[in-house]
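File shown here: run.pdb, holding PDB, C-alpha atoms.
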```
ATOM      1  CA  SER A   1       0.000   0.000   0.000  1.00  0.00           C
ATOM      2  CA  PRO A   2       1.188   3.568  -0.589  1.00  0.00           C
ATOM      3  CA  ALA A   3       0.023   4.481   2.935  1.00  0.00           C
ATOM      4  CA  ALA A   4       3.010   5.398   5.096  1.00  0.00           C
ATOM      5  CA  ASP A   5       2.499   3.064   8.031  1.00  0.00           C
ATOM      6  CA  ALA A   6       4.077  -0.307   8.851  1.00  0.00           C
ATOM      7  CA  ARG A   7       0.864  -2.346   8.792  1.00  0.00           C
ATOM      8  CA  SER A   8      -0.169  -1.120   5.349  1.00  0.00           C
ATOM      9  CA  ARG A   9       3.328  -1.549   3.955  1.00  0.00           C
ATOM     10  CA  ARG A  10       3.533  -5.271   4.737  1.00  0.00           C
ATOM     11  CA  HIS A  11       3.819  -7.488   1.662  1.00  0.00           C
ATOM     12  CA  ASP A  12       0.455  -8.677   0.370  1.00  0.00           C
ATOM     13  CA  PRO A  13       0.610 -11.219  -2.497  1.00  0.00           C
ATOM     14  CA  HIS A  14      -3.035 -10.545  -3.307  1.00  0.00           C
ATOM     15  CA  ARG A  15      -1.915  -7.180  -4.671  1.00  0.00           C
ATOM     16  CA  MET A  16       0.205  -9.050  -7.221  1.00  0.00           C
ATOM     17  CA  LEU A  17      -2.816 -11.090  -8.282  1.00  0.00           C
ATOM     18  CA  ARG A  18      -5.001  -7.987  -8.600  1.00  0.00           C
ATOM     19  CA  ALA A  19      -2.265  -6.299 -10.663  1.00  0.00           C
ATOM     20  CA  HIS A  20      -2.053  -9.393 -12.888  1.00  0.00           C
ATOM     21  CA  ARG A  21      -5.817  -9.334 -13.507  1.00  0.00           C
ATOM     22  CA  ALA A  22      -5.732  -5.597 -14.223  1.00  0.00           C
ATOM     23  CA  ALA A  23      -2.849  -6.026 -16.684  1.00  0.00           C
ATOM     24  CA  SER A  24      -4.746  -8.838 -18.415  1.00  0.00           C
ATOM     25  CA  ARG A  25      -7.780  -6.581 -18.847  1.00  0.00           C
ATOM     26  CA  VAL A  26      -5.643  -3.761 -20.244  1.00  0.00           C
ATOM     27  CA  LEU A  27      -3.930  -6.104 -22.702  1.00  0.00           C
ATOM     28  CA  GLY A  28      -7.291  -7.514 -23.757  1.00  0.00           C
ATOM     29  CA  ALA A  29      -8.588  -4.008 -24.433  1.00  0.00           C
ATOM     30  CA  LEU A  30      -5.448  -3.142 -26.425  1.00  0.00           C
ATOM     31  CA  ARG A  31      -5.809  -6.269 -28.526  1.00  0.00           C
ATOM     32  CA  ALA A  32      -9.457  -5.480 -29.231  1.00  0.00           C
ATOM     33  CA  HIS A  33      -8.508  -1.927 -30.216  1.00  0.00           C
ATOM     34  CA  HIS A  34      -5.674  -3.236 -32.379  1.00  0.00           C
ATOM     35  CA  GLY A  35      -8.269  -4.859 -34.616  1.00  0.00           C
ATOM     36  CA  ASP A  36      -8.749  -8.158 -36.343  1.00  0.00           C
ATOM     37  CA  GLY A  37      -5.383  -8.029 -38.114  1.00  0.00           C
ATOM     38  CA  ALA A  38      -3.538  -9.216 -35.025  1.00  0.00           C
ATOM     39  CA  ALA A  39      -5.993 -12.053 -34.517  1.00  0.00           C
ATOM     40  CA  ASP A  40      -5.205 -13.390 -37.996  1.00  0.00           C
ATOM     41  CA  THR A  41      -1.571 -14.077 -37.121  1.00  0.00           C
ATOM     42  CA  PRO A  42      -0.517 -17.237 -35.266  1.00  0.00           C
ATOM     43  CA  GLY A  43      -0.642 -16.691 -31.530  1.00  0.00           C
ATOM     44  CA  GLY A  44      -1.468 -13.012 -32.009  1.00  0.00           C
ATOM     45  CA  ALA A  45       2.015 -12.531 -33.477  1.00  0.00           C
ATOM     46  CA  GLY A  46       1.104  -9.041 -34.627  1.00  0.00           C
ATOM     47  CA  GLY A  47       1.052  -7.788 -31.045  1.00  0.00           C
ATOM     48  CA  PRO A  48       0.604  -5.659 -29.116  1.00  0.00           C
ATOM     49  CA  TRP A  49       3.476  -6.849 -26.923  1.00  0.00           C
ATOM     50  CA  VAL A  50       4.010  -6.138 -23.237  1.00  0.00           C
ATOM     51  CA  CYS A  51       7.171  -5.964 -21.147  1.00  0.00           C
ATOM     52  CA  HIS A  52       8.292  -5.473 -17.566  1.00  0.00           C
ATOM     53  CA  GLU A  53      11.319  -5.778 -15.320  1.00  0.00           C
ATOM     54  CA  ALA A  54      11.759  -9.369 -14.118  1.00  0.00           C
ATOM     55  CA  LEU A  55      12.427  -8.227 -10.556  1.00  0.00           C
ATOM     56  CA  VAL A  56      10.502 -10.465  -8.129  1.00  0.00           C
ATOM     57  CA  LEU A  57      11.962 -13.906  -8.797  1.00  0.00           C
ATOM     58  CA  ASP A  58       9.367 -15.858  -6.791  1.00  0.00           C
ATOM     59  CA  TRP A  59       6.681 -14.380  -9.051  1.00  0.00           C
ATOM     60  CA  GLU A  60       8.585 -14.780 -12.314  1.00  0.00           C
ATOM     61  CA  GLU A  61       9.709 -18.361 -11.680  1.00  0.00           C
ATOM     62  CA  SER A  62       6.129 -19.441 -10.918  1.00  0.00           C
ATOM     63  CA  LEU A  63       5.185 -18.301 -14.430  1.00  0.00           C
ATOM     64  CA  LEU A  64       7.851 -20.273 -16.304  1.00  0.00           C
ATOM     65  CA  ARG A  65       6.309 -22.619 -18.854  1.00  0.00           C
ATOM     66  CA  THR A  66       7.646 -25.248 -21.295  1.00  0.00           C
ATOM     67  CA  ASP A  67       6.937 -25.109 -25.016  1.00  0.00           C
ATOM     68  CA  PRO A  68       5.445 -28.543 -25.833  1.00  0.00           C
ATOM     69  CA  VAL A  69       6.913 -28.469 -29.345  1.00  0.00           C
ATOM     70  CA  THR A  70      10.465 -27.231 -28.778  1.00  0.00           C
ATOM     71  CA  GLY A  71      10.897 -28.086 -25.117  1.00  0.00           C
ATOM     72  CA  GLY A  72      12.270 -24.615 -24.439  1.00  0.00           C
ATOM     73  CA  SER A  73      11.334 -22.590 -21.361  1.00  0.00           C
ATOM     74  CA  PHE A  74       9.520 -19.307 -21.748  1.00  0.00           C
ATOM     75  CA  LEU A  75       8.389 -16.668 -19.287  1.00  0.00           C
ATOM     76  CA  SER A  76       4.617 -16.270 -19.485  1.00  0.00           C
ATOM     77  CA  SER A  77       4.484 -13.217 -17.201  1.00  0.00           C
ATOM     78  CA  THR A  78       5.440 -10.971 -20.148  1.00  0.00           C
ATOM     79  CA  HIS A  79       6.580 -11.157 -23.741  1.00  0.00           C
ATOM     80  CA  PHE A  80       9.749  -9.158 -23.112  1.00  0.00           C
ATOM     81  CA  PRO A  81      11.372  -9.307 -19.643  1.00  0.00           C
ATOM     82  CA  TRP A  82      14.351  -7.168 -18.756  1.00  0.00           C
ATOM     83  CA  VAL A  83      16.870  -7.145 -15.921  1.00  0.00           C
ATOM     84  CA  GLY A  84      17.333  -3.826 -14.146  1.00  0.00           C
ATOM     85  CA  ALA A  85      20.420  -1.753 -13.442  1.00  0.00           C
ATOM     86  CA  ARG A  86      20.483  -2.920  -9.806  1.00  0.00           C
ATOM     87  CA  THR A  87      20.095  -6.661 -10.539  1.00  0.00           C
ATOM     88  CA  ARG A  88      22.142  -7.056 -13.736  1.00  0.00           C
ATOM     89  CA  GLN A  89      25.088  -8.959 -12.251  1.00  0.00           C
ATOM     90  CA  PRO A  90      26.273 -11.462 -14.912  1.00  0.00           C
ATOM     91  CA  GLU A  91      26.411 -14.300 -12.348  1.00  0.00           C
ATOM     92  CA  GLY A  92      23.260 -13.172 -10.517  1.00  0.00           C
ATOM     93  CA  ALA A  93      19.947 -14.987 -10.290  1.00  0.00           C
ATOM     94  CA  HIS A  94      18.086 -12.435 -12.413  1.00  0.00           C
ATOM     95  CA  ALA A  95      20.486 -12.760 -15.346  1.00  0.00           C
ATOM     96  CA  ARG A  96      20.445 -16.552 -15.028  1.00  0.00           C
ATOM     97  CA  LEU A  97      16.643 -16.572 -15.188  1.00  0.00           C
ATOM     98  CA  LEU A  98      16.579 -14.503 -18.377  1.00  0.00           C
ATOM     99  CA  ALA A  99      19.359 -16.589 -19.884  1.00  0.00           C
ATOM    100  CA  SER A 100      17.231 -19.720 -19.427  1.00  0.00           C
ATOM    101  CA  VAL A 101      14.181 -18.549 -21.430  1.00  0.00           C
ATOM    102  CA  VAL A 102      13.491 -18.182 -25.137  1.00  0.00           C
ATOM    103  CA  ASN A 103      11.776 -14.781 -24.798  1.00  0.00           C
ATOM    104  CA  PRO A 104      13.580 -11.802 -26.254  1.00  0.00           C
ATOM    105  CA  VAL A 105      15.196 -10.140 -23.222  1.00  0.00           C
ATOM    106  CA  GLY A 106      16.590  -6.762 -22.210  1.00  0.00           C
ATOM    107  CA  CYS A 107      19.124  -5.338 -19.794  1.00  0.00           C
ATOM    108  CA  LYS A 108      19.369  -1.820 -18.372  1.00  0.00           C
ATOM    109  CA  ILE A 109      22.798  -0.183 -18.715  1.00  0.00           C
ATOM    110  CA  GLY A 110      23.466   2.567 -16.161  1.00  0.00           C
ATOM    111  CA  PRO A 111      26.307   5.003 -15.488  1.00  0.00           C
ATOM    112  CA  SER A 112      28.084   2.618 -13.100  1.00  0.00           C
ATOM    113  CA  THR A 113      28.176  -0.245 -15.617  1.00  0.00           C
ATOM    114  CA  ASP A 114      31.690  -1.322 -16.549  1.00  0.00           C
ATOM    115  CA  PRO A 115      32.095  -2.105 -20.283  1.00  0.00           C
ATOM    116  CA  GLU A 116      33.602  -5.466 -19.367  1.00  0.00           C
ATOM    117  CA  ASP A 117      30.465  -6.329 -17.370  1.00  0.00           C
ATOM    118  CA  VAL A 118      28.353  -5.437 -20.405  1.00  0.00           C
ATOM    119  CA  ILE A 119      30.317  -7.928 -22.522  1.00  0.00           C
ATOM    120  CA  ARG A 120      29.876 -10.608 -19.860  1.00  0.00           C
ATOM    121  CA  LEU A 121      26.148  -9.893 -19.733  1.00  0.00           C
ATOM    122  CA  CYS A 122      25.954 -10.199 -23.509  1.00  0.00           C
ATOM    123  CA  GLU A 123      27.707 -13.571 -23.311  1.00  0.00           C
ATOM    124  CA  VAL A 124      25.250 -14.759 -20.653  1.00  0.00           C
ATOM    125  CA  LEU A 125      22.076 -13.417 -22.260  1.00  0.00           C
ATOM    126  CA  ASP A 126      22.997 -13.798 -25.956  1.00  0.00           C
ATOM    127  CA  PRO A 127      25.573 -16.600 -26.253  1.00  0.00           C
ATOM    128  CA  GLU A 128      24.449 -17.506 -29.798  1.00  0.00           C
ATOM    129  CA  ARG A 129      24.611 -13.885 -30.987  1.00  0.00           C
ATOM    130  CA  GLU A 130      21.038 -14.096 -32.233  1.00  0.00           C
ATOM    131  CA  PRO A 131      19.635 -10.908 -33.828  1.00  0.00           C
ATOM    132  CA  GLY A 132      16.693  -9.590 -31.803  1.00  0.00           C
ATOM    133  CA  ARG A 133      17.453 -11.727 -28.764  1.00  0.00           C
ATOM    134  CA  LEU A 134      19.016  -9.014 -26.556  1.00  0.00           C
ATOM    135  CA  THR A 135      18.138  -5.352 -26.118  1.00  0.00           C
ATOM    136  CA  LEU A 136      20.467  -3.048 -24.192  1.00  0.00           C
ATOM    137  CA  ILE A 137      18.442  -0.242 -22.596  1.00  0.00           C
ATOM    138  CA  VAL A 138      20.724   2.714 -21.899  1.00  0.00           C
ATOM    139  CA  ARG A 139      19.923   4.937 -18.895  1.00  0.00           C
ATOM    140  CA  MET A 140      22.997   6.937 -17.942  1.00  0.00           C
ATOM    141  CA  GLY A 141      21.821  10.515 -17.405  1.00  0.00           C
ATOM    142  CA  ALA A 142      22.460  13.410 -19.754  1.00  0.00           C
ATOM    143  CA  PRO A 143      25.826  14.512 -18.250  1.00  0.00           C
ATOM    144  CA  ALA A 144      27.381  11.014 -18.092  1.00  0.00           C
ATOM    145  CA  LEU A 145      26.231   9.467 -21.367  1.00  0.00           C
ATOM    146  CA  PRO A 146      28.609  11.235 -23.817  1.00  0.00           C
ATOM    147  CA  GLU A 147      31.615  10.082 -21.833  1.00  0.00           C
ATOM    148  CA  LEU A 148      30.519   6.523 -20.978  1.00  0.00           C
ATOM    149  CA  LEU A 149      28.387   5.172 -23.816  1.00  0.00           C
ATOM    150  CA  PRO A 150      30.828   5.314 -26.789  1.00  0.00           C
ATOM    151  CA  GLU A 151      33.169   2.712 -25.276  1.00  0.00           C
ATOM    152  CA  VAL A 152      30.264   0.413 -24.382  1.00  0.00           C
ATOM    153  CA  VAL A 153      28.913   0.519 -27.938  1.00  0.00           C
ATOM    154  CA  ARG A 154      32.360  -0.080 -29.427  1.00  0.00           C
ATOM    155  CA  ARG A 155      33.061  -3.050 -27.150  1.00  0.00           C
ATOM    156  CA  VAL A 156      29.697  -4.705 -27.828  1.00  0.00           C
ATOM    157  CA  ARG A 157      30.050  -4.311 -31.585  1.00  0.00           C
ATOM    158  CA  ARG A 158      33.632  -5.586 -31.490  1.00  0.00           C
ATOM    159  CA  ALA A 159      32.415  -8.684 -29.626  1.00  0.00           C
ATOM    160  CA  GLY A 160      29.900  -9.372 -32.416  1.00  0.00           C
ATOM    161  CA  HIS A 161      26.665  -9.127 -30.420  1.00  0.00           C
ATOM    162  CA  PRO A 162      23.857  -7.872 -32.694  1.00  0.00           C
ATOM    163  CA  VAL A 163      21.977  -6.168 -29.859  1.00  0.00           C
ATOM    164  CA  VAL A 164      19.089  -3.740 -30.176  1.00  0.00           C
ATOM    165  CA  TRP A 165      20.089  -0.355 -28.720  1.00  0.00           C
ATOM    166  CA  LEU A 166      17.297   1.418 -26.844  1.00  0.00           C
ATOM    167  CA  SER A 167      17.358   4.735 -24.969  1.00  0.00           C
ATOM    168  CA  ASP A 168      15.727   5.150 -21.557  1.00  0.00           C
ATOM    169  CA  PRO A 169      16.365   8.881 -21.115  1.00  0.00           C
ATOM    170  CA  MET A 170      14.189   9.233 -18.024  1.00  0.00           C
ATOM    171  CA  HIS A 171      15.576   7.194 -15.140  1.00  0.00           C
ATOM    172  CA  GLY A 172      19.062   8.700 -15.222  1.00  0.00           C
ATOM    173  CA  ASN A 173      17.621  12.220 -15.032  1.00  0.00           C
ATOM    174  CA  THR A 174      15.470  11.951 -11.913  1.00  0.00           C
ATOM    175  CA  VAL A 175      15.974  14.750  -9.371  1.00  0.00           C
ATOM    176  CA  ARG A 176      14.272  15.871  -6.168  1.00  0.00           C
ATOM    177  CA  THR A 177      12.761  19.292  -5.616  1.00  0.00           C
ATOM    178  CA  LEU A 178      13.334  21.243  -2.398  1.00  0.00           C
ATOM    179  CA  SER A 179      10.057  19.777  -1.107  1.00  0.00           C
ATOM    180  CA  GLY A 180      11.379  16.239  -1.665  1.00  0.00           C
ATOM    181  CA  ARG A 181       9.157  15.407  -4.653  1.00  0.00           C
ATOM    182  CA  LYS A 182      10.793  13.465  -7.488  1.00  0.00           C
ATOM    183  CA  THR A 183      10.686  14.992 -10.948  1.00  0.00           C
ATOM    184  CA  ARG A 184      12.447  15.051 -14.302  1.00  0.00           C
ATOM    185  CA  TYR A 185      13.238  17.990 -16.555  1.00  0.00           C
ATOM    186  CA  LEU A 186      12.092  17.511 -20.127  1.00  0.00           C
ATOM    187  CA  ASP A 187      15.159  19.327 -21.483  1.00  0.00           C
ATOM    188  CA  ASP A 188      17.458  16.805 -19.750  1.00  0.00           C
ATOM    189  CA  VAL A 189      15.429  13.875 -21.068  1.00  0.00           C
ATOM    190  CA  ILE A 190      15.591  15.247 -24.616  1.00  0.00           C
ATOM    191  CA  GLU A 191      19.332  15.917 -24.332  1.00  0.00           C
ATOM    192  CA  GLU A 192      20.094  12.343 -23.242  1.00  0.00           C
ATOM    193  CA  ALA A 193      17.940  10.845 -26.002  1.00  0.00           C
ATOM    194  CA  ARG A 194      19.567  13.057 -28.657  1.00  0.00           C
ATOM    195  CA  CYS A 195      23.056  12.237 -27.437  1.00  0.00           C
ATOM    196  CA  PHE A 196      22.216   8.527 -27.399  1.00  0.00           C
ATOM    197  CA  MET A 197      21.170   8.739 -31.043  1.00  0.00           C
ATOM    198  CA  ARG A 198      24.399  10.524 -32.015  1.00  0.00           C
ATOM    199  CA  VAL A 199      26.691   8.126 -30.135  1.00  0.00           C
ATOM    200  CA  VAL A 200      25.074   4.945 -31.444  1.00  0.00           C
ATOM    201  CA  GLU A 201      24.947   6.178 -35.033  1.00  0.00           C
ATOM    202  CA  SER A 202      28.555   7.397 -34.955  1.00  0.00           C
ATOM    203  CA  ALA A 203      29.624   3.889 -33.895  1.00  0.00           C
ATOM    204  CA  GLY A 204      27.899   2.437 -36.947  1.00  0.00           C
ATOM    205  CA  ALA A 205      24.980   0.929 -35.031  1.00  0.00           C
ATOM    206  CA  HIS A 206      21.252   1.615 -35.253  1.00  0.00           C
ATOM    207  CA  PRO A 207      19.415   3.445 -32.434  1.00  0.00           C
ATOM    208  CA  GLY A 208      16.353   1.265 -31.985  1.00  0.00           C
ATOM    209  CA  GLY A 209      14.006   3.601 -30.139  1.00  0.00           C
ATOM    210  CA  LEU A 210      12.873   5.063 -26.820  1.00  0.00           C
ATOM    211  CA  HIS A 211      11.865   3.486 -23.510  1.00  0.00           C
ATOM    212  CA  LEU A 212       9.596   6.036 -21.784  1.00  0.00           C
ATOM    213  CA  GLU A 213       7.282   6.422 -18.806  1.00  0.00           C
ATOM    214  CA  VAL A 214       4.167   8.252 -20.007  1.00  0.00           C
ATOM    215  CA  ALA A 215       0.789   8.851 -18.375  1.00  0.00           C
ATOM    216  CA  ASP A 216      -2.424   8.655 -20.377  1.00  0.00           C
ATOM    217  CA  ARG A 217      -3.587  12.059 -19.096  1.00  0.00           C
ATOM    218  CA  GLU A 218      -2.205  15.530 -18.533  1.00  0.00           C
ATOM    219  CA  VAL A 219      -0.378  14.948 -15.248  1.00  0.00           C
ATOM    220  CA  THR A 220       2.108  17.494 -13.880  1.00  0.00           C
ATOM    221  CA  GLU A 221       4.975  15.275 -12.754  1.00  0.00           C
ATOM    222  CA  CYS A 222       7.820  16.367 -15.042  1.00  0.00           C
ATOM    223  CA  VAL A 223       8.943  19.946 -15.692  1.00  0.00           C
ATOM    224  CA  GLY A 224       8.843  21.228 -19.262  1.00  0.00           C
ATOM    225  CA  GLY A 225       6.371  22.155 -21.969  1.00  0.00           C
ATOM    226  CA  PRO A 226       2.967  22.678 -20.315  1.00  0.00           C
ATOM    227  CA  VAL A 227       4.538  22.414 -16.818  1.00  0.00           C
ATOM    228  CA  ALA A 228       6.523  25.635 -16.680  1.00  0.00           C
ATOM    229  CA  ASP A 229       8.413  25.098 -13.409  1.00  0.00           C
ATOM    230  CA  GLU A 230       8.525  23.117 -10.170  1.00  0.00           C
ATOM    231  CA  SER A 231       5.783  25.219  -8.594  1.00  0.00           C
ATOM    232  CA  GLN A 232       3.260  23.647 -10.996  1.00  0.00           C
ATOM    233  CA  LEU A 233       4.079  20.032 -10.113  1.00  0.00           C
ATOM    234  CA  ALA A 234       1.535  19.873  -7.299  1.00  0.00           C
ATOM    235  CA  ALA A 235      -1.419  20.637  -9.588  1.00  0.00           C
ATOM    236  CA  ARG A 236      -1.796  17.036 -10.786  1.00  0.00           C
ATOM    237  CA  TYR A 237       1.026  14.928  -9.411  1.00  0.00           C
ATOM    238  CA  GLU A 238      -0.533  11.445  -9.284  1.00  0.00           C
ATOM    239  CA  SER A 239       2.366   8.984  -9.491  1.00  0.00           C
ATOM    240  CA  LEU A 240       3.096   6.841  -6.427  1.00  0.00           C
ATOM    241  CA  CYS A 241       6.515   5.942  -7.820  1.00  0.00           C
ATOM    242  CA  ASP A 242       8.366   7.616 -10.686  1.00  0.00           C
ATOM    243  CA  PRO A 243       7.353  10.885 -12.378  1.00  0.00           C
ATOM    244  CA  ARG A 244       5.854  10.382 -15.838  1.00  0.00           C
ATOM    245  CA  LEU A 245       5.622  12.528 -18.921  1.00  0.00           C
ATOM    246  CA  CYS A 246       2.186  13.763 -19.872  1.00  0.00           C
ATOM    247  CA  PRO A 247       1.083  13.068 -23.473  1.00  0.00           C
ATOM    248  CA  GLU A 248       2.044  16.558 -24.683  1.00  0.00           C
ATOM    249  CA  GLN A 249       5.532  16.273 -23.169  1.00  0.00           C
ATOM    250  CA  ALA A 250       5.952  12.836 -24.759  1.00  0.00           C
ATOM    251  CA  ARG A 251       5.023  14.268 -28.161  1.00  0.00           C
ATOM    252  CA  MET A 252       7.501  17.106 -27.693  1.00  0.00           C
ATOM    253  CA  LEU A 253      10.235  14.599 -26.837  1.00  0.00           C
ATOM    254  CA  ILE A 254       9.513  12.356 -29.814  1.00  0.00           C
ATOM    255  CA  ASP A 255       9.340  15.328 -32.201  1.00  0.00           C
ATOM    256  CA  ALA A 256      12.665  16.625 -30.875  1.00  0.00           C
ATOM    257  CA  VAL A 257      14.490  13.293 -31.128  1.00  0.00           C
ATOM    258  CA  LEU A 258      13.095  11.185 -33.963  1.00  0.00           C
TER     259      LEU A 258
END
```
Represent the structure from my file as structure tokens, please.
Amino acid sequence: SPAADARSRRHDPHRMLRAHRAASRVLGALRAHHGDGAADTPGGAGGPWVCHEALVLDWEESLLRTDPVTGGSFLSSTHFPWVGARTRQPEGAHARLLASVVNPVGCKIGPSTDPEDVIRLCEVLDPEREPGRLTLIVRMGAPALPELLPEVVRRVRRAGHPVVWLSDPMHGNTVRTLSGRKTRYLDDVIEEARCFMRVVESAGAHPGGLHLEVADREVTECVGGPVADESQLAARYESLCDPRLCPEQARMLIDAVL
């Protein structure tokens, strides 16, 4: 519970089940909106796809399934699981879980990631060097990315891993206001995404896209565009976790970067 008392904050697995049912309803609505075209492809192969961080191992491991045709293991909790910047140790349990499944998988790359660790992660998660198997999701922060990312891209390409490069320009640019509220400045987010594009392209690789946190309504959680300054954050700050872009800010970002 978001309530700030010990009793409410105790773990409640029923919340996981309610979240699972809610996610299933959302995905069902998206598929219906997507139209009949997706239904015509085997297994709904036309999408839409869903993804999340494979963080809670007890939950993820309970949703492992075996393909009756190939015998391979796949994670049924999501189409595309990723391992986060805090749990991406090459010998860690999270990386081992993702290495064991046939799903396409991702890995967050933060400012503290050593290039050598990235190569080891690629070897663990993409030993066959299979195109489309591994996505590296870069989240370094606007100031650090120009210095740190070029060597990572060069080392991965030299090792022959055909990874998908994705930019998460939000998580590395989270700051706190004087009141303690978390926010992100749209200018910083745009700067990191632009720099990511330049670095990846200059290394001869393809920047595959953006990994964003966006609300479906005009929240005031990030500063920029319609939210002029930090004083306007309180008007409609609804997130219980990370600050999200509103739709107009997301459009401004995409127009500025792509």
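Separating CA of Ser77 (chain A) from CA of Arg25 (chain A) is a distance of 14.0 Å.
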Edge lengths and centre in Å to one decimal, as AutoDock Vina command-line options, of the axis-aligned box that encloses all listed atoms of region 139-153 of chain A with 4 Å added on every side?
```
--center_x 26.5 --center_y 7.5 --center_z -22.7 --size_x 21.2 --size_y 22.1 --size_z 18.5
```
Show me a table, sorted first by chain and then by increasing residue number, of the residues of region 162-202 of chain A having an atom at most 10 Å from region 133-141 of chain A, each with its shortest atom pair and the distance in Å to one decimal, counting all atoms listed in the file and written as JSON lines.
```
{"residue": "A:Pro162", "atom": "CA", "partner": "A:Leu134", "partner_atom": "CA", "distance": 7.9}
{"residue": "A:Val163", "atom": "CA", "partner": "A:Leu134", "partner_atom": "CA", "distance": 5.3}
{"residue": "A:Val164", "atom": "CA", "partner": "A:Thr135", "partner_atom": "CA", "distance": 4.5}
{"residue": "A:Trp165", "atom": "CA", "partner": "A:Leu136", "partner_atom": "CA", "distance": 5.3}
{"residue": "A:Leu166", "atom": "CA", "partner": "A:Ile137", "partner_atom": "CA", "distance": 4.7}
{"residue": "A:Ser167", "atom": "CA", "partner": "A:Val138", "partner_atom": "CA", "distance": 5.0}
{"residue": "A:Asp168", "atom": "CA", "partner": "A:Arg139", "partner_atom": "CA", "distance": 5.0}
{"residue": "A:Pro169", "atom": "CA", "partner": "A:Arg139", "partner_atom": "CA", "distance": 5.8}
{"residue": "A:Met170", "atom": "CA", "partner": "A:Arg139", "partner_atom": "CA", "distance": 7.2}
{"residue": "A:His171", "atom": "CA", "partner": "A:Arg139", "partner_atom": "CA", "distance": 6.2}
{"residue": "A:Gly172", "atom": "CA", "partner": "A:Gly141", "partner_atom": "CA", "distance": 4.0}
{"residue": "A:Asn173", "atom": "CA", "partner": "A:Gly141", "partner_atom": "CA", "distance": 5.1}
{"residue": "A:Thr174", "atom": "CA", "partner": "A:Gly141", "partner_atom": "CA", "distance": 8.5}
{"residue": "A:Asp188", "atom": "CA", "partner": "A:Gly141", "partner_atom": "CA", "distance": 8.0}
{"residue": "A:Val189", "atom": "CA", "partner": "A:Gly141", "partner_atom": "CA", "distance": 8.1}
{"residue": "A:Glu191", "atom": "CA", "partner": "A:Gly141", "partner_atom": "CA", "distance": 9.1}
{"residue": "A:Glu192", "atom": "CA", "partner": "A:Gly141", "partner_atom": "CA", "distance": 6.4}
{"residue": "A:Ala193", "atom": "CA", "partner": "A:Gly141", "partner_atom": "CA", "distance": 9.4}
{"residue": "A:Phe196", "atom": "CA", "partner": "A:Val138", "partner_atom": "CA", "distance": 8.1}
```
Could you take the residues named above and write them with C-alpha atoms, as a CSV table (one decimal), in the coordinates of the input?
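Below is the file that was written, result_27.csv:
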```
chain,number,residue,atom,x,y,z
A,162,PRO,CA,23.9,-7.9,-32.7
A,163,VAL,CA,22.0,-6.2,-29.9
A,164,VAL,CA,19.1,-3.7,-30.2
A,165,TRP,CA,20.1,-0.4,-28.7
A,166,LEU,CA,17.3,1.4,-26.8
A,167,SER,CA,17.4,4.7,-25.0
A,168,ASP,CA,15.7,5.2,-21.6
A,169,PRO,CA,16.4,8.9,-21.1
A,170,MET,CA,14.2,9.2,-18.0
A,171,HIS,CA,15.6,7.2,-15.1
A,172,GLY,CA,19.1,8.7,-15.2
A,173,ASN,CA,17.6,12.2,-15.0
A,174,THR,CA,15.5,12.0,-11.9
A,188,ASP,CA,17.5,16.8,-19.8
A,189,VAL,CA,15.4,13.9,-21.1
A,191,GLU,CA,19.3,15.9,-24.3
A,192,GLU,CA,20.1,12.3,-23.2
A,193,ALA,CA,17.9,10.8,-26.0
A,196,PHE,CA,22.2,8.5,-27.4
```
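With all atoms listed in the file as the atoms that count, the residue of A:Leu178, A:Met252, A:Ala235, A:Ile119 with the shortest distance to Arg155 (chain A) is A:Ile119.
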Measure the distance from CA of Val223 (chain A) to CA of Tyr185 (chain A) in Å and round it to one decimal. 4.8 Å
Shell around Ala93 (chain A) at 12 Å using only C-alpha atoms, local window under 2 positions removed, as a PyMOL selection string: chain A and resi 54-58+60-61+83+87-91+95-100+124
Please compute the CA of His11 (chain A)-CA of Glu53 (chain A) distance, one decimal, in Å. 18.6 Å
Quick one: residues within 9 Å of Leu258 (chain A), all atoms listed in the file, excluding same-chain residues fewer than 5 positions away - as number ranges by chain? A: 194, 197, 209, 253
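Counting all atoms listed in the file and comparing A:Pro226, A:Gly92, A:Pro104, A:Gly46, the residue that lies closest to Phe74 (chain A) is A:Pro104.
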Once the PyMOL selection byres ((chain A and resi 214) around 7) is applied to the coordinates I shared, what remains selected? I want it as a short mmCIF file (atom, residue, chain, number, x, y, z; two decimals) with C-alpha atoms, in the coordinates of the input.
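In the end it all went to result_22.cif:
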```cif
data_model
loop_
_atom_site.label_atom_id
_atom_site.label_comp_id
_atom_site.auth_asym_id
_atom_site.auth_seq_id
_atom_site.Cartn_x
_atom_site.Cartn_y
_atom_site.Cartn_z
CA LEU A 212 9.60 6.04 -21.78
CA GLU A 213 7.28 6.42 -18.81
CA ALA A 215 0.79 8.85 -18.38
CA ASP A 216 -2.42 8.65 -20.38
CA ARG A 244 5.85 10.38 -15.84
CA LEU A 245 5.62 12.53 -18.92
CA CYS A 246 2.19 13.76 -19.87
CA PRO A 247 1.08 13.07 -23.47
CA ALA A 250 5.95 12.84 -24.76
#
```
Across A:Glu230, A:Leu125, A:His52, A:Asp5, the smallest distance to Gly180 (chain A), with only C-alpha atoms counted, is shown by A:Glu230
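The shortest atom-to-atom distance to Leu64 (chain A), with all atoms listed in the file taken into account, belongs to A:Val102 out of A:Ile190, A:Val102, A:Val175, A:Val50.
Here the question is which of A:Ile109, A:Val101, A:Val219, A:Val153 gets nearest to Arg65 (chain A) using all atoms listed in the file, and that residue is A:Val101.
Here the question is which of A:Ala205, A:Glu128, A:Arg236, A:Ser179 gets nearest to Arg158 (chain A) using all atoms listed in the file, and that residue is A:Ala205.
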Please identify all polymer residues within 12 Å of Leu240 (chain A), counting all atoms listed in the file, omitting same-chain residues fewer than 6 positions from it, and present them as number ranges by chain. A: 1-4, 181-182, 221
Leaving out Val152 (chain A) and any residue of its chain fewer than 5 positions from it, which residues lie within 10 Å of it when counting all atoms listed in the file, given as number ranges by chain? A: 109, 113-119, 157-158, 200
